[in-house]
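Q: Here it is: the structure, laid out below.
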Amino acid sequence: MIPKAPFGGTGHESTRTIFGAAALSHVSHADSERTLDLLLEHGVNHIDTAASYGDSELRIASWLKRNPNVFFVATKTDGRDYKSAKEAIHRSLERLGVDRIDLLQLHNLVDVIEWEFALREGGALEAAVEARQEGLVRFIGITGHGLSIAAMHRRALARFAFDSVLLPYNFRQMQDERYAVEFEALATICAEGGVAMQTIKSIALAPWDGRPQTASTWYEPLTDPADIDLAVKWVLGRQGMFLNTVGDVRLLPHVLAEQPKDPPGRARATNAWTNSCSVAP
């Protein structure tokens, strides 16, 4: 069973590995059911989806109906203004078949103009706060991709007390000195403020860069089980980090496999990772 840890200051004990339900965007019913069985087998109790992930919310709805009070459910809105975000929240509640969402996240706020628009009066954040006041949402988070996102999340936390952040974290990306500095600064703020840190792209190898995609991820993933194991252990070897799983159900079993209660030291995992992966980012 995957170990659990406090999800920031929410009071929820989440599995340190969170199911990234982007993997359900375009899968069959049979694949969806096999995925649920796998999650239950490993004790995963936290699901992260989004309104824009195809049929993901609809697939999850049937899981929640059959397994009440098992999963902490997070979804996201791409809305930037109050009206579109409010509509998206209510649509997600309907699609998920629930009366309340555990975590509502403002999705991929990277662009400076969109960020400002979403967080100002009349923006998406206002709709999220209203939904929380109405009991439709318990907690509010923010997500993003790219090399600037750690710095953007720091700005966001200075503007509003978000309960969680989500951003890339893997060995290769942390070789970018500027990103590493901003990530560490963000990590300090989150630890001091009780903000949950969710990480994505743990098994990313490189951008596709125009090459034919062989997986349903938006980056080229590691595919060798041994390499995936090292990458996962590198992330989980750092206390306080949550790992959101891969966006391809075929790789999910490797991400969930062999997660010890006490992951190996980061130095050991880093050395093994460096020796194992030879492709440049």
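Residue numbering restarts at 1 in every chain; chains get A, B, ... in the order shown in the structure tokens, and ligands count up from 1 in that same order.
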Give the strand (DSSP E) residues of range 51-138 of chain A, as assigned by DSSP on the backbone, as a list of chain:residue names.
A: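 Taking range 51-138 of chain A and keeping strand (DSSP E) only, one gets A:Phe72, A:Val73, A:Ala74, A:Thr75, A:Lys76, A:Thr77, A:Ile101, A:Asp102, A:Leu103, A:Leu104, A:Gln105, A:Leu106, A:Val137, A:Arg138.
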Q: If we count only C-alpha atoms and set the cut-off at 12 Å, which residues sit around Leu36 in chain A, ignoring sequence neighbours fewer than 2 positions away in its own chain? Please answer as a PyMOL selection string.
A: chain A and resi 19+21+23-24+29-34+38-47+59-64+66-67+70-71+249+252-253
Q: Considering only C-alpha atoms, can you say which of A:Arg178, A:Lys76, A:His145, A:His153 comes closest to Ile101 in chain A?
A: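 When distances to Ile101 in chain A are compared using only C-alpha atoms, the smallest one comes from A:Lys76.
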Q: Counting only C-alpha atoms, which of A:Cys190, A:Ile228, A:Ala257, A:Leu96 gets nearest to Asn170 in chain A?
A: A:Ile228
Q: Mind listing the alpha helix (DSSP H) residues of range 65-260 of chain A, per DSSP on the backbone, as a ChimeraX atom specification?
A: /A:65-66,82-96,112-119,124-133,149-159,177-193,225-236,252-256
Q: Emit the selected residues as a PDB file, in the first residue's frame, including C-alpha atoms.
A:
```pdb
ATOM      1  CA  LYS A  65     -20.839   6.230  -6.827  1.00  0.00           C
ATOM      2  CA  ARG A  66     -19.631   2.695  -6.187  1.00  0.00           C
ATOM      3  CA  TYR A  82     -15.979  34.769 -12.820  1.00  0.00           C
ATOM      4  CA  LYS A  83     -18.787  33.672 -15.134  1.00  0.00           C
ATOM      5  CA  SER A  84     -16.922  30.966 -17.048  1.00  0.00           C
ATOM      6  CA  ALA A  85     -15.278  29.607 -13.885  1.00  0.00           C
ATOM      7  CA  LYS A  86     -18.595  29.466 -12.026  1.00  0.00           C
ATOM      8  CA  GLU A  87     -20.209  27.616 -14.922  1.00  0.00           C
ATOM      9  CA  ALA A  88     -17.276  25.200 -15.051  1.00  0.00           C
ATOM     10  CA  ILE A  89     -17.509  24.460 -11.312  1.00  0.00           C
ATOM     11  CA  HIS A  90     -21.197  23.602 -11.546  1.00  0.00           C
ATOM     12  CA  ARG A  91     -20.613  21.546 -14.684  1.00  0.00           C
ATOM     13  CA  SER A  92     -17.881  19.564 -12.911  1.00  0.00           C
ATOM     14  CA  LEU A  93     -20.139  18.919  -9.938  1.00  0.00           C
ATOM     15  CA  GLU A  94     -22.770  17.546 -12.321  1.00  0.00           C
ATOM     16  CA  ARG A  95     -20.320  15.468 -14.351  1.00  0.00           C
ATOM     17  CA  LEU A  96     -18.693  14.033 -11.220  1.00  0.00           C
ATOM     18  CA  VAL A 112       0.985  36.763 -16.894  1.00  0.00           C
ATOM     19  CA  ILE A 113      -2.099  38.443 -18.364  1.00  0.00           C
ATOM     20  CA  GLU A 114      -4.337  35.412 -17.761  1.00  0.00           C
ATOM     21  CA  TRP A 115      -2.915  35.093 -14.235  1.00  0.00           C
ATOM     22  CA  GLU A 116      -3.766  38.704 -13.413  1.00  0.00           C
ATOM     23  CA  PHE A 117      -7.217  38.422 -14.942  1.00  0.00           C
ATOM     24  CA  ALA A 118      -8.060  35.224 -13.034  1.00  0.00           C
ATOM     25  CA  LEU A 119      -6.917  36.509  -9.647  1.00  0.00           C
ATOM     26  CA  ALA A 124     -11.981  32.905 -11.665  1.00  0.00           C
ATOM     27  CA  LEU A 125     -10.677  33.089  -8.108  1.00  0.00           C
ATOM     28  CA  GLU A 126     -13.772  35.025  -7.072  1.00  0.00           C
ATOM     29  CA  ALA A 127     -15.966  32.194  -8.375  1.00  0.00           C
ATOM     30  CA  ALA A 128     -13.866  29.622  -6.513  1.00  0.00           C
ATOM     31  CA  VAL A 129     -14.091  31.538  -3.231  1.00  0.00           C
ATOM     32  CA  GLU A 130     -17.849  31.933  -3.678  1.00  0.00           C
ATOM     33  CA  ALA A 131     -18.191  28.196  -4.293  1.00  0.00           C
ATOM     34  CA  ARG A 132     -16.212  27.519  -1.124  1.00  0.00           C
ATOM     35  CA  GLN A 133     -18.465  29.839   0.867  1.00  0.00           C
ATOM     36  CA  ILE A 149       5.635  28.408 -12.969  1.00  0.00           C
ATOM     37  CA  ALA A 150       7.473  28.128  -9.646  1.00  0.00           C
ATOM     38  CA  ALA A 151       7.967  31.899  -9.627  1.00  0.00           C
ATOM     39  CA  MET A 152       4.336  32.424 -10.693  1.00  0.00           C
ATOM     40  CA  HIS A 153       3.111  30.234  -7.849  1.00  0.00           C
ATOM     41  CA  ARG A 154       5.141  32.292  -5.378  1.00  0.00           C
ATOM     42  CA  ARG A 155       3.380  35.401  -6.634  1.00  0.00           C
ATOM     43  CA  ALA A 156       0.025  33.658  -6.384  1.00  0.00           C
ATOM     44  CA  LEU A 157       0.596  32.657  -2.755  1.00  0.00           C
ATOM     45  CA  ALA A 158       1.470  36.257  -1.948  1.00  0.00           C
ATOM     46  CA  ARG A 159      -1.890  37.280  -3.435  1.00  0.00           C
ATOM     47  CA  GLU A 177      19.503  26.363 -12.199  1.00  0.00           C
ATOM     48  CA  ARG A 178      16.937  29.140 -12.379  1.00  0.00           C
ATOM     49  CA  TYR A 179      14.005  26.745 -12.072  1.00  0.00           C
ATOM     50  CA  ALA A 180      15.679  24.923  -9.180  1.00  0.00           C
ATOM     51  CA  VAL A 181      16.199  28.166  -7.249  1.00  0.00           C
ATOM     52  CA  GLU A 182      12.584  29.234  -7.744  1.00  0.00           C
ATOM     53  CA  PHE A 183      11.297  25.745  -6.888  1.00  0.00           C
ATOM     54  CA  GLU A 184      13.240  25.658  -3.631  1.00  0.00           C
ATOM     55  CA  ALA A 185      11.978  29.124  -2.690  1.00  0.00           C
ATOM     56  CA  LEU A 186       8.422  27.967  -3.377  1.00  0.00           C
ATOM     57  CA  ALA A 187       8.962  24.775  -1.377  1.00  0.00           C
ATOM     58  CA  THR A 188      10.056  26.817   1.631  1.00  0.00           C
ATOM     59  CA  ILE A 189       6.963  29.006   1.438  1.00  0.00           C
ATOM     60  CA  CYS A 190       4.689  25.971   1.114  1.00  0.00           C
ATOM     61  CA  ALA A 191       6.301  24.177   4.053  1.00  0.00           C
ATOM     62  CA  GLU A 192       6.000  27.252   6.266  1.00  0.00           C
ATOM     63  CA  GLY A 193       2.413  27.960   5.210  1.00  0.00           C
ATOM     64  CA  PRO A 225      10.218   0.033 -15.602  1.00  0.00           C
ATOM     65  CA  ALA A 226      13.604   0.355 -13.896  1.00  0.00           C
ATOM     66  CA  ASP A 227      13.981   3.957 -15.049  1.00  0.00           C
ATOM     67  CA  ILE A 228      10.427   4.789 -13.977  1.00  0.00           C
ATOM     68  CA  ASP A 229      11.099   3.265 -10.578  1.00  0.00           C
ATOM     69  CA  LEU A 230      14.163   5.471 -10.121  1.00  0.00           C
ATOM     70  CA  ALA A 231      12.336   8.606 -11.204  1.00  0.00           C
ATOM     71  CA  VAL A 232       9.419   7.939  -8.845  1.00  0.00           C
ATOM     72  CA  LYS A 233      11.733   7.219  -5.933  1.00  0.00           C
ATOM     73  CA  TRP A 234      13.673  10.406  -6.660  1.00  0.00           C
ATOM     74  CA  VAL A 235      10.501  12.471  -6.211  1.00  0.00           C
ATOM     75  CA  LEU A 236       9.152  10.545  -3.225  1.00  0.00           C
ATOM     76  CA  LEU A 252       0.513   3.653 -14.558  1.00  0.00           C
ATOM     77  CA  PRO A 253       1.320   0.180 -13.118  1.00  0.00           C
ATOM     78  CA  HIS A 254       5.045   0.983 -13.266  1.00  0.00           C
ATOM     79  CA  VAL A 255       4.541   4.293 -11.456  1.00  0.00           C
ATOM     80  CA  LEU A 256       2.532   2.632  -8.686  1.00  0.00           C
TER      81      LEU A 256
END
```
Q: What does the structure give for the distance between CA of Ser202 in chain A and CA of Pro221 in chain A, in Å to one decimal?
A: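 The value is 8.8 Å.
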Q: Using only C-alpha atoms, which residue out of A:Gly11, A:Asp163, A:Asp81, A:Glu121 lies closest to Gln105 in chain A?
A: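 The closest residue to Gln105 in chain A is A:Asp163.
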Q: Report the distance between CA of Phe242 in chain A and CA of Gly146 in chain A in Å, rounded to one decimal place.
A: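 Interatomic distance here is 18.2 Å.
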Q: Pick out the closest residue to Asp111 in chain A from this set: A:Asn69, A:Thr49, A:Thr75, A:Thr143. Count only C-alpha atoms.
A: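 Answer, going by the shortest atom-to-atom distance: A:Thr143.
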